[in-house]
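Enquirer: Coordinates in structure.tsv, TSV, C-alpha atoms and all ligand atoms, are listed below.
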chain	number	residue	atom	x	y	z
A	1	MET	CA	13.90	-9.78	-6.46
A	2	ILE	CA	11.96	-7.36	-4.32
A	3	PHE	CA	8.57	-5.74	-4.86
A	4	ASP	CA	7.45	-2.48	-3.25
A	5	THR	CA	3.67	-2.81	-2.97
A	6	HIS	CA	3.09	0.76	-1.71
A	7	ALA	CA	5.14	3.86	-2.56
A	8	HIS	CA	4.64	7.59	-3.16
A	9	TYR	CA	7.30	8.63	-5.69
A	10	ASP	CA	5.13	11.56	-6.76
A	11	ASP	CA	5.84	13.11	-3.33
A	12	GLU	CA	7.76	16.40	-3.39
A	13	ALA	CA	10.45	14.79	-1.21
A	14	PHE	CA	11.65	13.15	-4.46
A	15	ASP	CA	11.61	16.31	-6.58
A	16	PRO	CA	15.39	16.91	-6.40
A	17	ASP	CA	16.48	13.47	-7.69
A	18	ARG	CA	13.45	11.35	-8.69
A	19	GLU	CA	14.84	10.28	-12.05
A	20	GLU	CA	18.31	9.29	-10.75
A	21	LEU	CA	16.81	7.41	-7.83
A	22	LEU	CA	14.31	5.45	-9.93
A	23	LEU	CA	17.06	4.44	-12.35
A	24	GLU	CA	18.87	2.77	-9.42
A	25	MET	CA	15.94	0.46	-8.66
A	26	GLU	CA	16.23	-2.35	-11.20
A	27	PRO	CA	20.02	-2.79	-10.84
A	28	ALA	CA	19.45	-3.04	-7.06
A	29	GLY	CA	16.92	-5.86	-7.47
A	30	ILE	CA	13.76	-3.79	-6.98
A	31	ALA	CA	11.75	-5.41	-9.75
A	32	GLY	CA	8.36	-3.79	-9.20
A	33	ILE	CA	6.82	-0.78	-7.49
A	34	VAL	CA	3.18	0.25	-7.15
A	35	ASN	CA	2.79	3.99	-6.81
A	36	MET	CA	-0.30	4.77	-4.75
A	37	GLY	CA	-2.86	7.37	-5.50
A	38	ALA	CA	-3.54	9.59	-2.51
A	39	SER	CA	-5.15	12.72	-3.92
A	40	LEU	CA	-6.85	13.38	-7.27
A	41	ARG	CA	-3.60	15.04	-8.36
A	42	GLY	CA	-1.57	12.11	-7.05
A	43	VAL	CA	-3.46	9.56	-9.15
A	44	GLU	CA	-2.58	11.49	-12.30
A	45	GLU	CA	1.09	11.62	-11.23
A	46	SER	CA	1.05	7.87	-10.55
A	47	GLN	CA	-0.14	7.26	-14.11
A	48	LYS	CA	2.67	9.39	-15.51
A	49	LEU	CA	5.28	7.45	-13.51
A	50	ALA	CA	3.77	4.14	-14.66
A	51	GLU	CA	3.87	5.28	-18.28
A	52	ARG	CA	7.50	6.33	-17.99
A	53	TYR	CA	9.03	3.40	-16.08
A	54	PRO	CA	8.29	-0.22	-17.08
A	55	PHE	CA	8.70	-1.52	-13.48
A	56	ILE	CA	6.27	1.03	-11.97
A	57	TYR	CA	2.54	0.32	-11.74
A	58	ALA	CA	-0.19	2.66	-10.58
A	59	ALA	CA	-3.01	2.50	-8.06
A	60	ALA	CA	-6.02	4.80	-8.37
A	61	GLY	CA	-7.77	5.96	-5.24
A	62	VAL	CA	-8.20	8.80	-2.78
A	63	HIS	CA	-6.75	8.65	0.76
A	64	PRO	CA	-9.16	9.24	3.68
A	65	ASP	CA	-7.42	12.56	4.52
A	66	GLU	CA	-8.23	13.81	1.00
A	67	VAL	CA	-11.83	12.65	0.47
A	68	GLY	CA	-13.11	16.19	1.11
A	69	SER	CA	-12.06	16.95	-2.47
A	70	LEU	CA	-13.83	13.93	-3.96
A	71	ASP	CA	-17.07	14.34	-5.93
A	72	GLU	CA	-18.90	12.54	-8.75
A	73	ALA	CA	-16.62	14.03	-11.43
A	74	GLY	CA	-13.60	12.83	-9.43
A	75	MET	CA	-15.15	9.38	-9.13
A	76	SER	CA	-15.72	9.06	-12.86
A	77	ARG	CA	-12.11	10.07	-13.48
A	78	LEU	CA	-11.01	7.36	-11.03
A	79	TYR	CA	-13.14	4.81	-12.89
A	80	GLU	CA	-11.42	5.82	-16.14
A	81	LEU	CA	-7.97	5.44	-14.59
A	82	CYS	CA	-8.89	2.03	-13.15
A	83	CYS	CA	-9.26	0.80	-16.73
A	84	ARG	CA	-5.76	1.85	-17.79
A	85	PRO	CA	-3.46	-1.10	-18.52
A	86	LYS	CA	-0.92	-0.32	-15.78
A	87	THR	CA	-3.44	0.34	-13.01
A	88	VAL	CA	-3.21	-2.70	-10.74
A	89	ALA	CA	-5.18	-1.60	-7.66
A	90	VAL	CA	-7.62	0.81	-6.08
A	91	GLY	CA	-5.73	2.65	-3.34
A	92	GLU	CA	-4.91	3.89	-1.04
A	93	ILE	CA	-8.37	4.02	0.47
A	94	GLY	CA	-9.71	3.59	3.98
A	95	LEU	CA	-10.25	5.40	7.26
A	96	ASP	CA	-7.93	7.61	9.30
A	97	TYR	CA	-9.24	8.59	12.73
A	98	TYR	CA	-5.76	9.60	13.89
A	99	TRP	CA	-5.43	12.74	11.76
A	100	ASP	CA	-9.21	12.99	11.50
A	101	LYS	CA	-9.05	15.51	8.66
A	102	GLU	CA	-12.55	14.69	7.39
A	103	SER	CA	-15.67	13.63	9.30
A	104	HIS	CA	-16.05	9.90	9.94
A	105	GLU	CA	-19.29	9.90	7.94
A	106	LEU	CA	-17.60	11.37	4.88
A	107	GLN	CA	-14.62	9.02	5.20
A	108	LYS	CA	-16.91	5.99	5.46
A	109	TYR	CA	-19.04	7.11	2.51
A	110	TRP	CA	-16.11	7.49	0.08
A	111	PHE	CA	-14.40	4.37	1.41
A	112	ALA	CA	-17.50	2.33	0.59
A	113	ARG	CA	-17.83	3.97	-2.84
A	114	GLN	CA	-14.21	3.20	-3.71
A	115	LEU	CA	-14.54	-0.40	-2.50
A	116	GLN	CA	-17.50	-0.71	-4.85
A	117	MET	CA	-15.34	0.74	-7.65
A	118	ALA	CA	-12.77	-2.02	-7.01
A	119	ILE	CA	-15.49	-4.65	-7.34
A	120	ASP	CA	-16.86	-2.99	-10.51
A	121	THR	CA	-13.42	-2.84	-12.16
A	122	GLY	CA	-12.08	-6.18	-10.88
A	123	LEU	CA	-9.09	-4.65	-9.08
A	124	PRO	CA	-7.64	-5.53	-5.66
A	125	VAL	CA	-7.51	-2.76	-3.04
A	126	ASN	CA	-4.81	-1.19	-0.90
A	127	ILE	CA	-6.22	-0.23	2.49
A	128	HIS	CA	-5.10	2.55	4.81
A	129	SER	CA	-6.51	2.21	8.33
A	130	ARG	CA	-5.32	4.22	11.28
A	131	ASP	CA	-7.01	4.15	14.69
A	132	ALA	CA	-10.07	2.79	12.88
A	133	ALA	CA	-9.55	-0.98	12.85
A	134	GLN	CA	-13.09	-2.06	13.70
A	135	ASP	CA	-14.91	0.40	11.39
A	136	THR	CA	-12.54	-0.49	8.54
A	137	PHE	CA	-13.21	-4.18	9.00
A	138	ASP	CA	-17.00	-3.72	9.32
A	139	ILE	CA	-17.23	-1.65	6.12
A	140	MET	CA	-15.06	-4.10	4.22
A	141	LYS	CA	-17.30	-6.97	5.26
A	142	ALA	CA	-20.49	-5.04	4.46
A	143	GLU	CA	-19.14	-4.03	1.02
A	144	HIS	CA	-18.03	-7.59	0.19
A	145	ALA	CA	-14.40	-6.44	-0.05
A	146	GLY	CA	-13.40	-10.09	0.34
A	147	THR	CA	-14.19	-10.56	-3.34
A	148	THR	CA	-11.57	-8.04	-4.51
A	149	GLY	CA	-8.75	-9.07	-2.17
A	150	GLY	CA	-5.82	-6.77	-1.58
A	151	ILE	CA	-3.38	-5.49	1.01
A	152	ILE	CA	-3.83	-3.97	4.45
A	153	HIS	CA	-1.07	-1.40	4.25
A	154	CYS	CA	1.15	-0.34	7.16
A	155	PHE	CA	-0.76	-2.69	9.40
A	156	SER	CA	-0.89	-1.31	12.95
A	157	SER	CA	-3.50	-3.38	14.76
A	158	SER	CA	-3.17	-6.68	16.66
A	159	ALA	CA	-2.06	-10.09	15.38
A	160	GLN	CA	-5.61	-11.30	16.01
A	161	MET	CA	-7.04	-8.59	13.73
A	162	ALA	CA	-4.40	-9.40	11.08
A	163	LEU	CA	-5.60	-13.00	11.04
A	164	GLU	CA	-9.20	-11.81	10.56
A	165	TYR	CA	-8.08	-9.93	7.43
A	166	VAL	CA	-6.19	-12.98	6.22
A	167	LYS	CA	-9.40	-15.00	6.62
A	168	LEU	CA	-11.13	-12.39	4.46
A	169	GLY	CA	-8.53	-13.10	1.75
A	170	TYR	CA	-6.17	-10.18	2.42
A	171	TYR	CA	-2.40	-9.79	2.54
A	172	ILE	CA	-0.62	-7.82	5.27
A	173	GLY	CA	1.80	-5.08	4.15
A	174	VAL	CA	5.04	-4.96	6.13
A	175	GLY	CA	7.33	-1.94	5.99
A	176	GLY	CA	10.09	-0.20	7.92
A	177	VAL	CA	8.24	-0.37	11.25
A	178	VAL	CA	9.10	-4.07	11.62
A	179	THR	CA	12.78	-3.11	11.99
A	180	PHE	CA	12.15	-0.69	14.89
A	181	LYS	CA	13.33	-1.94	18.28
A	182	ASN	CA	10.04	-1.05	20.01
A	183	ALA	CA	7.77	-2.55	17.34
A	184	ARG	CA	6.62	-5.48	19.47
A	185	VAL	CA	3.12	-5.74	17.94
A	186	MET	CA	4.35	-5.60	14.34
A	187	LYS	CA	6.80	-8.42	15.09
A	188	GLU	CA	3.94	-10.44	16.60
A	189	VAL	CA	1.87	-9.81	13.47
A	190	VAL	CA	4.66	-11.05	11.20
A	191	ALA	CA	5.14	-14.12	13.40
A	192	ALA	CA	1.39	-14.93	13.39
A	193	VAL	CA	0.50	-14.35	9.72
A	194	PRO	CA	1.45	-17.16	7.30
A	195	MET	CA	4.45	-16.27	5.11
A	196	GLU	CA	2.23	-16.66	2.01
A	197	LYS	CA	0.13	-13.69	3.21
A	198	LEU	CA	2.88	-11.11	3.79
A	199	VAL	CA	4.10	-8.49	1.30
A	200	THR	CA	6.81	-5.81	1.50
A	201	GLU	CA	6.10	-2.09	1.17
A	202	THR	CA	7.80	1.22	1.93
A	203	ASP	CA	5.15	3.98	2.10
A	204	CYS	CA	8.14	6.08	1.03
A	205	PRO	CA	9.15	8.86	1.58
A	206	TYR	CA	7.94	7.89	5.08
A	207	LEU	CA	8.84	5.12	7.54
A	208	ALA	CA	12.44	4.33	6.61
A	209	PRO	CA	13.66	1.13	8.30
A	210	ALA	CA	16.39	1.06	10.95
A	211	PRO	CA	19.22	2.11	10.85
A	212	ASN	CA	17.86	4.80	8.51
A	213	ARG	CA	14.86	5.65	10.68
A	214	GLY	CA	13.83	9.28	10.22
A	215	LYS	CA	15.59	9.66	6.86
A	216	ARG	CA	13.80	9.80	3.51
A	217	ASN	CA	12.70	6.28	2.71
A	218	SER	CA	12.95	4.57	-0.69
A	219	SER	CA	12.49	1.06	-2.10
A	220	LEU	CA	16.29	0.67	-1.96
A	221	TYR	CA	15.93	0.07	1.81
A	222	LEU	CA	13.53	-2.86	1.38
A	223	PRO	CA	16.27	-5.51	1.86
A	224	LEU	CA	16.31	-4.39	5.53
A	225	VAL	CA	12.60	-5.19	5.79
A	226	THR	CA	13.03	-8.56	4.06
A	227	GLU	CA	15.87	-9.44	6.47
A	228	ALA	CA	13.72	-8.55	9.48
A	229	ILE	CA	10.85	-10.72	8.21
A	230	ALA	CA	13.23	-13.62	7.48
A	231	GLY	CA	14.67	-13.27	11.00
A	232	ILE	CA	11.24	-13.44	12.65
A	233	LYS	CA	10.21	-16.39	10.50
A	234	GLY	CA	13.53	-18.22	11.03
A	235	MET	CA	14.07	-18.42	7.30
A	236	GLU	CA	16.94	-17.83	4.86
A	237	VAL	CA	16.78	-14.28	3.50
A	238	CYS	CA	16.83	-15.42	-0.12
A	239	GLN	CA	13.97	-17.84	0.50
A	240	ALA	CA	11.90	-15.13	2.24
A	241	GLU	CA	12.63	-12.72	-0.61
A	242	GLU	CA	11.37	-15.18	-3.20
A	243	ILE	CA	8.11	-15.88	-1.36
A	244	LEU	CA	7.45	-12.17	-0.66
A	245	TYR	CA	8.03	-11.31	-4.31
A	246	ARG	CA	5.68	-14.03	-5.50
A	247	ASN	CA	3.00	-12.87	-3.02
A	248	ALA	CA	3.18	-9.32	-4.41
A	249	LEU	CA	2.73	-10.51	-7.99
A	250	GLN	CA	-0.18	-12.65	-6.90
A	251	VAL	CA	-2.07	-9.95	-5.01
A	252	TYR	CA	-1.77	-7.49	-7.91
A	253	HIS	CA	-2.57	-10.14	-10.55
A	254	LEU	CA	0.79	-9.65	-12.30
A	255	THR	CA	2.81	-12.29	-14.12
A	256	PRO	CA	6.62	-12.42	-13.67
B	301	NI	NI	0.79	5.55	1.75
Before anything else, please render the file you have as structure tokens.
Expert:
Amino acid sequence: MIFDTHAHYDDEAFDPDREELLLEMEPAGIAGIVNMGASLRGVEESQKLAERYPFIYAAAGVHPDEVGSLDEAGMSRLYELCCRPKTVAVGEIGLDYYWDKESHELQKYWFARQLQMAIDTGLPVNIHSRDAAQDTFDIMKAEHAGTTGGIIHCFSSSAQMALEYVKLGYYIGVGGVVTFKNARVMKEVVAAVPMEKLVTETDCPYLAPAPNRGKRNSSLYLPLVTEAIAGIKGMEVCQAEEILYRNALQVYHLTP
């Protein structure tokens, strides 16, 4: 069984066929999906998906590109959603200095506030960090994010940095990038991090694995990611799949 620890099925890319696509998941062995919050609208959509489909869970959080719309009213709504039974994480939250849509100060402020929310509500976090590895790590340490645990999603820094996060108690999210021919660093990360600290994710509709690179991604492509991880680890695919699935349940405090 396969678990998608990070997806965006509320995205408009799925508007034409969301229902049909999601009904294909369980028969294909996709046993669990966590739909991330990204905007204040997105967190509401995630809840609706989680209410409708037994295998979908929700995360509540606002992405660094969207924190300009966050205020105290938004924060109290997020706190409410964190207490819903199918909310399993605070995410995706973090820093994005690549798109740089909001000032670094504002991004850091709301990142710290949402990390505190995770501690207050006892939820793990799902971290988005792009071109901001050191600041992300420093804030997480300062905010005691080691106590919540969680996943560093779409990890794009060095193997050395990945091991620092593992030491802090975090899992490393591996998606389609690991299947790309030129993804040397991601392959090094997967080789360096213990198998017990890796989880699979799509970030769909983005980042479809090879040979579907550039197409709309979905959890149905995750076997390609599992195969790539198994290949790097020199492991049977079915054995890798079992460990990765168990890791996902563990990080989100779910029982099989
Ligand atoms: Ni995402």
Enquirer: Could you tell me how far CA of Leu168 (chain A) lies from CA of Gly146 (chain A), in Å and to one decimal?
Expert: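 Interatomic distance here is 5.2 Å.
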Enquirer: Which protein, DNA or RNA residues have an atom within 10 Å of ligand NI 301 (chain B), counting only C-alpha atoms and all ligand atoms, as number ranges by chain?
Expert: A: 6-8, 35-38, 63, 91-93, 126-128, 153-154, 201-207
Enquirer: Taking all atoms listed in the file into account, name the residue in A:Glu196, A:Glu19, A:Glu102, A:Asp10 that is nearest to Gly169 (chain A).
Expert: A:Glu196
Enquirer: Here is a test: counting all atoms listed in the file, which residue of A:Leu115, A:Ile2, A:Val185, A:Leu81 is nearest to Val225 (chain A)?
Expert: A:Ile2
Enquirer: For the atom pair CA of Gln160 (chain A) and CA of Ala192 (chain A), what is the interatomic distance in Å to one decimal place?
Expert: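 Between CA of Gln160 (chain A) and CA of Ala192 (chain A) the gap works out to 8.3 Å.
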Enquirer: Interatomic distance between CA of His253 (chain A) and CA of Ile56 (chain A)?
Expert: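 The value is 14.3 Å.
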Enquirer: For a quick check of understanding, using all atoms listed in the file, which of A:Val199, A:Ala208, A:Cys83, A:Leu70 has the smallest distance to Arg113 (chain A)?
Expert: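 Ranking A:Val199, A:Ala208, A:Cys83, A:Leu70 by distance to Arg113 (chain A), first place goes to A:Leu70.
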Enquirer: May I have the residues within 12 Å of Thr147 (chain A) as a list in words, using all atoms listed in the file and disregarding those fewer than 4 positions away in the same chain?
Expert: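 Result of the neighbour search: Leu115, Gln116, Ala118, Ile119, Asp120, Thr121, Gly122, Leu123, Pro124, Val125, Met140, Lys141, Ala142, Glu143, Lys167, Leu168, Gly169 and Tyr170 of chain A.
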Enquirer: Which residue out of A:Val88, A:Trp110, A:Gly231, A:Arg130 has the minimum interatomic distance to Thr255 (chain A) when all atoms listed in the file are used?
Expert: A:Val88
Enquirer: Considering all atoms listed in the file, can you say which of A:Val34, A:Ser156, A:Pro85, A:Gly150 comes closest to Gln250 (chain A)?
Expert: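 Under the stated criterion, the closest residue is A:Gly150.
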Enquirer: Using only C-alpha atoms, which residues sit within 6 Å of Ile152 (chain A) once same-chain residues fewer than 2 positions away are excluded, as a ChimeraX atom specification?
Expert: /A:127,155,172-173
Enquirer: For Pro54 (chain A), list every protein, DNA or RNA residue within 12 Å, evaluated using only C-alpha atoms, and leave out those in the same chain fewer than 5 positions away; present the list as a list in words.
Expert: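 My reading of the contact set: Leu22, Leu23, Met25, Glu26, Ala31, Gly32, Ile33, Val34, Gln47, Lys48, Leu49, Pro85 and Lys86 of chain A.
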Enquirer: Mind working out the centre and edge lengths of an axis-aligned box for region 45-53 of chain A, all listed atoms inside, 8 Å added to each side, rounded to one decimal in Å and written as JSON?
Expert:
{"center_x": 4.4, "center_y": 7.5, "center_z": -14.4, "size_x": 25.2, "size_y": 24.2, "size_z": 23.7}
Enquirer: Name the residues, using the chain letters and numbers of the file, that sit within 12 Å of (1.8, -13.7, 13.8) when counting all atoms listed in the file, and give them as a list in words.
Expert: Ser157, Ser158, Ala159, Gln160, Met161, Ala162, Leu163, Glu164, Val166, Ile172, Arg184, Val185, Met186, Lys187, Glu188, Val189, Val190, Ala191, Ala192, Val193, Pro194, Met195, Lys197, Leu198, Ile229, Ile232 and Lys233 of chain A
Enquirer: Let me make sure I understand: among A:Thr179, A:Ser103, A:Gln114, A:Ser46, which one has the smallest atom-to-atom distance to Pro211 (chain A) if we use all atoms listed in the file?
Expert: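 Ranking A:Thr179, A:Ser103, A:Gln114, A:Ser46 by distance to Pro211 (chain A), first place goes to A:Thr179.
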